[in-house]
>>> print(open('query-v9.cif').read())   # mmCIF, C-alpha atoms and all ligand atoms
data_coords
loop_
_atom_site.label_atom_id
_atom_site.label_comp_id
_atom_site.auth_asym_id
_atom_site.auth_seq_id
_atom_site.Cartn_x
_atom_site.Cartn_y
_atom_site.Cartn_z
CA MET A 1 11.06 0.69 17.53
CA SER A 2 9.18 -0.85 14.61
CA VAL A 3 7.27 1.32 12.19
CA ILE A 4 4.42 -1.19 12.07
CA GLU A 5 3.69 -3.83 14.66
CA PHE A 6 0.84 -6.36 14.88
CA ARG A 7 0.40 -8.07 18.24
CA SER A 8 -1.79 -11.17 18.03
CA VAL A 9 -4.23 -9.54 15.62
CA CYS A 10 -7.43 -11.35 14.64
CA LYS A 11 -10.04 -10.30 12.12
CA THR A 12 -13.23 -12.22 11.45
CA TYR A 13 -15.73 -11.80 8.65
CA ASP A 14 -19.06 -13.60 8.85
CA ARG A 15 -17.71 -15.77 11.68
CA ARG A 16 -14.78 -16.81 9.48
CA ARG A 17 -11.38 -15.90 10.88
CA VAL A 18 -9.52 -14.18 8.07
CA ILE A 19 -6.55 -12.94 10.11
CA ASP A 20 -5.60 -15.43 12.78
CA ASP A 21 -3.46 -14.33 15.71
CA LEU A 22 -1.03 -12.51 13.46
CA SER A 23 2.07 -10.93 14.97
CA LEU A 24 4.61 -9.14 12.83
CA LYS A 25 7.02 -6.23 12.88
CA ILE A 26 8.06 -4.04 10.00
CA GLU A 27 11.02 -1.73 10.40
CA ALA A 28 11.61 1.74 8.97
CA LYS A 29 12.41 1.84 5.24
CA GLU A 30 11.82 -1.85 4.75
CA ARG A 31 10.13 -2.99 1.56
CA VAL A 32 7.98 -5.86 2.71
CA VAL A 33 6.07 -7.98 0.23
CA LEU A 34 2.97 -9.84 1.43
CA PHE A 35 2.63 -12.99 -0.63
CA GLY A 36 0.31 -15.97 -0.51
CA PRO A 37 -2.68 -17.65 -2.11
CA SER A 38 -5.85 -15.82 -2.99
CA GLY A 39 -7.97 -15.14 0.07
CA CYS A 40 -5.15 -15.65 2.60
CA GLY A 41 -5.68 -12.16 4.02
CA LYS A 42 -3.09 -9.96 2.32
CA SER A 43 -5.41 -7.07 1.51
CA THR A 44 -7.00 -7.37 4.93
CA VAL A 45 -3.57 -6.79 6.52
CA LEU A 46 -3.18 -3.59 4.48
CA HIS A 47 -6.66 -2.42 5.43
CA LEU A 48 -5.88 -3.00 9.10
CA ILE A 49 -2.64 -0.99 8.82
CA ALA A 50 -4.46 1.82 7.03
CA GLY A 51 -7.28 1.88 9.56
CA PHE A 52 -10.06 1.10 7.08
CA ILE A 53 -11.13 -1.78 9.32
CA VAL A 54 -10.54 -2.62 12.98
CA PRO A 55 -9.21 -5.85 14.47
CA ASP A 56 -11.50 -8.06 16.58
CA LYS A 57 -8.61 -8.81 18.89
CA GLY A 58 -5.02 -7.73 19.29
CA ASP A 59 -3.17 -4.45 18.93
CA ILE A 60 -1.76 -2.52 15.98
CA LEU A 61 1.02 -0.02 16.62
CA ILE A 62 2.54 2.52 14.26
CA ASN A 63 5.83 4.07 15.35
CA GLY A 64 5.29 2.53 18.76
CA GLU A 65 1.92 4.22 19.20
CA LEU A 66 -1.22 2.13 19.65
CA VAL A 67 -3.45 2.99 16.68
CA ALA A 68 -6.01 0.18 16.90
CA THR A 69 -7.08 -2.37 19.44
CA ALA A 70 -9.97 -4.81 19.83
CA LYS A 71 -12.89 -3.40 17.85
CA LYS A 72 -11.70 0.19 17.91
CA ASN A 73 -9.50 2.58 15.99
CA ILE A 74 -7.57 4.89 18.26
CA ARG A 75 -6.12 6.77 15.32
CA GLU A 76 -8.38 7.03 12.29
CA ALA A 77 -7.25 6.27 8.75
CA GLY A 78 -6.38 9.85 7.86
CA GLN A 79 -4.19 10.35 10.91
CA ARG A 80 -1.70 7.52 10.53
CA GLY A 81 0.74 8.90 7.96
CA VAL A 82 -0.21 6.00 5.72
CA GLY A 83 -0.86 6.23 1.97
CA MET A 84 -2.36 3.51 -0.18
CA VAL A 85 -2.25 2.66 -3.89
CA PHE A 86 -4.94 0.27 -5.07
CA GLN A 87 -5.20 -2.10 -8.01
CA ASP A 88 -8.26 -0.16 -9.06
CA LEU A 89 -6.70 3.25 -9.54
CA ALA A 90 -9.83 5.16 -8.59
CA LEU A 91 -8.72 8.38 -10.26
CA TRP A 92 -11.39 11.04 -10.52
CA PRO A 93 -12.30 11.15 -14.21
CA HIS A 94 -13.67 14.69 -14.14
CA MET A 95 -10.47 16.15 -12.72
CA THR A 96 -7.18 16.85 -14.48
CA VAL A 97 -3.98 15.03 -13.54
CA ALA A 98 -2.87 18.03 -11.46
CA GLU A 99 -6.24 18.24 -9.70
CA ASN A 100 -6.22 14.52 -8.92
CA VAL A 101 -2.77 14.82 -7.38
CA GLU A 102 -3.51 18.07 -5.57
CA PHE A 103 -6.62 16.73 -3.86
CA GLY A 104 -4.89 15.25 -0.81
CA LEU A 105 -2.92 18.43 -0.18
CA LYS A 106 -6.06 20.58 -0.38
CA ALA A 107 -7.77 18.26 2.07
CA LYS A 108 -4.88 18.95 4.43
CA ARG A 109 -5.28 22.69 3.81
CA VAL A 110 -1.77 23.12 2.48
CA PRO A 111 -1.42 26.74 1.28
CA GLU A 112 -2.07 27.22 -2.46
CA LYS A 113 1.47 28.17 -3.47
CA GLN A 114 3.06 25.27 -1.61
CA CYS A 115 0.40 22.98 -3.04
CA LYS A 116 1.21 23.91 -6.65
CA GLN A 117 4.94 23.54 -6.00
CA ARG A 118 4.56 20.11 -4.41
CA VAL A 119 2.22 18.88 -7.17
CA LYS A 120 4.70 20.01 -9.81
CA GLU A 121 7.59 18.28 -8.05
CA ILE A 122 5.83 14.96 -7.66
CA ILE A 123 4.40 15.00 -11.20
CA ASP A 124 7.91 15.68 -12.53
CA LEU A 125 9.15 12.79 -10.43
CA VAL A 126 6.71 10.36 -12.06
CA GLY A 127 7.53 11.76 -15.51
CA LEU A 128 4.17 13.30 -16.32
CA SER A 129 4.98 17.00 -16.47
CA ASP A 130 3.57 17.21 -20.01
CA TYR A 131 0.22 15.90 -18.81
CA LEU A 132 -0.63 18.25 -15.94
CA ASN A 133 -3.87 19.37 -17.57
CA ALA A 134 -4.84 16.08 -19.19
CA SER A 135 -7.79 14.13 -17.88
CA PRO A 136 -7.20 10.52 -16.75
CA GLY A 137 -9.22 9.19 -19.71
CA GLU A 138 -6.59 10.60 -22.08
CA LEU A 139 -3.76 8.64 -20.45
CA SER A 140 -2.47 5.10 -20.98
CA GLY A 141 -2.76 2.48 -18.22
CA GLY A 142 0.85 3.02 -17.16
CA GLN A 143 0.45 6.78 -17.08
CA GLN A 144 -2.72 6.45 -15.01
CA GLN A 145 -0.85 4.26 -12.56
CA ARG A 146 1.84 6.95 -12.30
CA VAL A 147 -0.86 9.50 -11.46
CA ALA A 148 -2.16 7.15 -8.76
CA LEU A 149 1.37 6.85 -7.34
CA ALA A 150 1.83 10.63 -7.43
CA ARG A 151 -1.52 11.18 -5.75
CA THR A 152 -0.55 8.92 -2.87
CA LEU A 153 3.02 10.17 -2.54
CA VAL A 154 2.30 13.91 -2.75
CA VAL A 155 1.41 14.09 0.94
CA ALA A 156 4.73 12.38 1.82
CA PRO A 157 3.34 9.42 3.76
CA ALA A 158 5.90 7.66 5.93
CA ILE A 159 4.24 4.32 5.13
CA VAL A 160 3.02 3.40 1.66
CA LEU A 161 0.75 0.41 1.14
CA MET A 162 0.35 -0.98 -2.37
CA ASP A 163 -2.29 -3.56 -3.19
CA GLU A 164 -1.41 -5.26 -6.48
CA PRO A 165 -0.91 -1.90 -8.17
CA LEU A 166 0.66 -3.31 -11.34
CA SER A 167 -1.46 -6.39 -11.88
CA THR A 168 -3.47 -4.93 -14.75
CA LEU A 169 -0.42 -3.82 -16.74
CA ASP A 170 1.30 -5.84 -19.44
CA GLU A 171 4.69 -7.38 -18.68
CA ALA A 172 6.84 -4.59 -20.19
CA LEU A 173 4.94 -1.84 -18.38
CA ASN A 174 4.91 -3.88 -15.21
CA VAL A 175 8.73 -4.08 -15.27
CA GLN A 176 9.05 -0.38 -16.07
CA LEU A 177 6.74 0.63 -13.22
CA ARG A 178 8.64 -1.59 -10.77
CA HIS A 179 11.72 0.46 -11.55
CA GLU A 180 9.72 3.63 -11.05
CA ILE A 181 8.50 2.44 -7.67
CA LEU A 182 12.08 1.69 -6.61
CA ARG A 183 13.23 5.07 -7.85
CA LEU A 184 10.44 6.81 -5.94
CA TYR A 185 11.29 4.78 -2.86
CA ASN A 186 14.94 5.87 -3.12
CA GLU A 187 13.95 9.51 -3.55
CA LEU A 188 11.26 9.65 -0.92
CA ASN A 189 12.33 7.07 1.64
CA PHE A 190 9.07 5.59 2.82
CA THR A 191 8.38 2.19 4.33
CA LEU A 192 6.67 0.01 1.72
CA VAL A 193 4.23 -2.83 2.26
CA TYR A 194 3.40 -4.38 -1.09
CA VAL A 195 0.83 -7.06 -1.92
CA THR A 196 1.27 -9.12 -5.06
CA HIS A 197 0.71 -12.54 -6.61
CA ASN A 198 3.59 -11.99 -9.01
CA ARG A 199 6.85 -13.62 -7.98
CA ASP A 200 8.99 -11.39 -10.19
CA GLU A 201 7.46 -8.32 -8.61
CA ALA A 202 8.05 -9.78 -5.16
CA GLU A 203 11.67 -10.57 -5.94
CA SER A 204 12.46 -7.23 -7.50
CA LEU A 205 10.61 -5.02 -5.04
CA GLY A 206 10.89 -6.68 -1.65
CA THR A 207 13.73 -6.60 0.81
CA ARG A 208 11.70 -9.17 2.72
CA THR A 209 8.72 -11.34 1.92
CA ILE A 210 6.09 -12.47 4.38
CA TYR A 211 4.17 -15.54 3.27
CA LEU A 212 0.63 -15.70 4.54
CA ARG A 213 -1.59 -18.74 4.60
CA GLN A 214 -5.11 -18.62 6.03
CA GLY A 215 -4.42 -15.39 7.87
CA ARG A 216 -1.22 -16.58 9.55
CA ILE A 217 2.43 -16.39 8.70
CA ASP A 218 3.12 -19.63 6.89
CA SER A 219 5.12 -21.70 9.32
CA ALA A 220 7.17 -23.38 6.62
CA LEU A 221 7.79 -20.41 4.37
CA GLY A 222 7.04 -17.42 6.53
CA ILE A 223 10.61 -16.48 7.06
CA VAL A 224 11.76 -13.61 5.58
CA GLY A 225 15.01 -12.51 4.17
CA ARG A 226 15.64 -13.02 0.49
CA VAL A 227 12.88 -15.00 -1.06
CA HIS A 228 12.92 -18.62 -2.12
CA PHE A 229 9.95 -19.26 -4.25
CA GLU A 230 9.20 -22.92 -3.79
CA TYR A 231 5.67 -21.92 -2.99
N1 LIG B 1 -15.56 -6.92 3.62
C1 LIG B 1 -15.52 -8.25 3.65
N2 LIG B 1 -16.59 -8.96 4.03
C2 LIG B 1 -16.58 -10.31 4.08
N3 LIG B 1 -15.49 -11.06 3.77
C3 LIG B 1 -14.40 -10.40 3.37
C4 LIG B 1 -14.35 -8.97 3.30
N4 LIG B 1 -13.10 -8.61 2.88
C5 LIG B 1 -12.42 -9.75 2.71
N5 LIG B 1 -13.18 -10.82 3.01
C6 LIG B 1 -12.76 -12.23 2.95
O1 LIG B 1 -11.59 -12.36 3.70
C7 LIG B 1 -10.68 -13.25 3.07
C8 LIG B 1 -9.35 -12.57 2.87
O2 LIG B 1 -9.52 -11.54 1.92
P1 LIG B 1 -8.32 -10.67 1.39
O3 LIG B 1 -8.88 -9.75 0.35
O4 LIG B 1 -7.59 -10.07 2.52
O5 LIG B 1 -7.40 -11.78 0.72
P2 LIG B 1 -6.18 -11.62 -0.26
O6 LIG B 1 -5.11 -12.52 0.23
O7 LIG B 1 -5.84 -10.18 -0.44
O8 LIG B 1 -6.82 -12.21 -1.60
P3 LIG B 1 -6.50 -11.88 -3.13
O9 LIG B 1 -5.09 -12.29 -3.35
O10 LIG B 1 -7.48 -12.76 -3.86
O11 LIG B 1 -6.76 -10.41 -3.34
C9 LIG B 1 -11.35 -13.70 1.78
O12 LIG B 1 -11.93 -14.95 1.98
C10 LIG B 1 -12.41 -12.66 1.54
O13 LIG B 1 -13.51 -13.20 0.88
#
>>> encode(input="query-v9.cif", output="structure tokens")
Amino acid sequence: MSVIEFRSVCKTYDRRRVIDDLSLKIEAKERVVLFGPSGCGKSTVLHLIAGFIVPDKGDILINGELVATAKKNIREAGQRGVGMVFQDLALWPHMTVAENVEFGLKAKRVPEKQCKQRVKEIIDLVGLSDYLNASPGELSGGQQQRVALARTLVVAPAIVLMDEPLSTLDEALNVQLRHEILRLYNELNFTLVYVTHNRDEAESLGTRTIYLRQGRIDSALGIVGRVHFEY
């Protein structure tokens, strides 16, 4: 059984079909990169998986369960075991690092003691244990991105969606954070769907790349396996 499955999914904005009869399957623990030109629908695919938007047609299944079908979410965003890291980190500036990370656990009403323990573990894992009480404004771009990763991963999502999370970082930091993402993946064992424009990121992070073009899997390049970037 696939972890994520799209069956003939369509999504239209303003009468323009952005996702066009898209069928795909993603298996447990895969690291799938979505790659393709600007506007081809990569972020829209993530938003459909997360449940932020609904398809116009087609079905979306997670772990074999129907979570969305034509014009309706059957399982809402918060109930899919899906976490998302955005390009825009959207950290809460008035909260400390620990409070930012703890937020998702509190929302799930995890008991206080367990909450603190889990926050400490994940902040250690991203190498920020000296910054628990810092505010995001006091951190570098790379450190802020680590907080964003920790905040998503603290609730142990089975599926992690990342939408160009490293695109604002310089090359050195970008490479360093790629290693961190792989290390976190090896520790925490989630299924990763990763959107990027950066070929190096795609090659180093993906076990498989899906090429999209105009909301469809590119018929020439859409196959999978180790990537050949003649794009
Ligand atoms: N909420 C929306 N309302 C209207 N059109 C939208 C909306 N979201 C996305 N679109 C349009 O859908 C198309 C696909 O957008 P999407 O963000 O999925 O592309 P993308 O491949 O992620 O692009 P990029 O690489 O530039 O981020 C674009 O033409 C975009 O303008």
>>> residues_around(input="query-v9.cif", residues="Leu212 in chain A", least_positions_apart="2", cutoff="12 Å", atoms="all atoms listed in the file", output="VMD selection string")
chain A and resid 18 to 24 33 to 45 195 to 197 209 to 210 214 to 224 231
>>> atom_distance(input="query-v9.cif", atom1="CA of Ser135 in chain A", atom2="CA of Asn174 in chain A")
22.2 Å
>>> residues_around(input="query-v9.cif", residues="range 157-171 of chain A", least_positions_apart="3", cutoff="6 Å", atoms="all atoms listed in the file", output="list in words")
Gly81, Val82, Gly83, Met84, Val85, Phe86, Gln87, Asn174, Phe190, Thr191, Leu192, Val193, Tyr194, Val195 and Thr196 of chain A
>>> closest_residue(input="query-v9.cif", among="A:Lys29, A:Arg118, A:His179, A:Lys72", to="Ala156 in chain A", atoms="only C-alpha atoms")
A:Arg118
>>> closest_residue(input="query-v9.cif", among="A:Lys116, A:Lys106, A:Cys10, A:Glu27", to="Arg208 in chain A", atoms="all atoms listed in the file")
A:Glu27
>>> atom_distance(input="query-v9.cif", atom1="CA of Asp59 in chain A", atom2="CA of Phe6 in chain A")
6.0 Å
>>> atom_distance(input="query-v9.cif", atom1="CA of Ala148 in chain A", atom2="CA of Leu91 in chain A")
6.8 Å
>>> residues_around(input="query-v9.cif", residues="Thr96 in chain A", least_positions_apart="3", cutoff="8 Å", atoms="only C-alpha atoms", output="number ranges by chain")
A: 93, 99-100, 132-136
>>> closest_residue(input="query-v9.cif", among="A:Leu48, A:Val67, A:Val147, A:Leu184", to="ligand LIG 1 (chain B)", atoms="only C-alpha atoms and all ligand atoms")
A:Leu48
>>> axis_aligned_box(input="query-v9.cif", around="range 145-148 of chain A", padding_each_side="5 Å", output="AutoDock Vina command-line options")
--center_x -0.2 --center_y 6.9 --center_z -10.7 --size_x 14.0 --size_y 15.2 --size_z 13.8
>>> closest_residue(input="query-v9.cif", among="A:Tyr211, A:Phe103, A:Tyr131, A:Phe52", to="Cys115 in chain A", atoms="only C-alpha atoms")
A:Phe103
>>> closest_residue(input="query-v9.cif", among="A:Ala77, A:Arg213, A:Thr207, A:Gln143", to="ligand LIG 1 (chain B)", atoms="all atoms listed in the file")
A:Arg213
>>> closest_residue(input="query-v9.cif", among="A:Gln145, A:Ser8, A:Ser129, A:Ser2", to="Ala70 in chain A", atoms="all atoms listed in the file")
A:Ser8
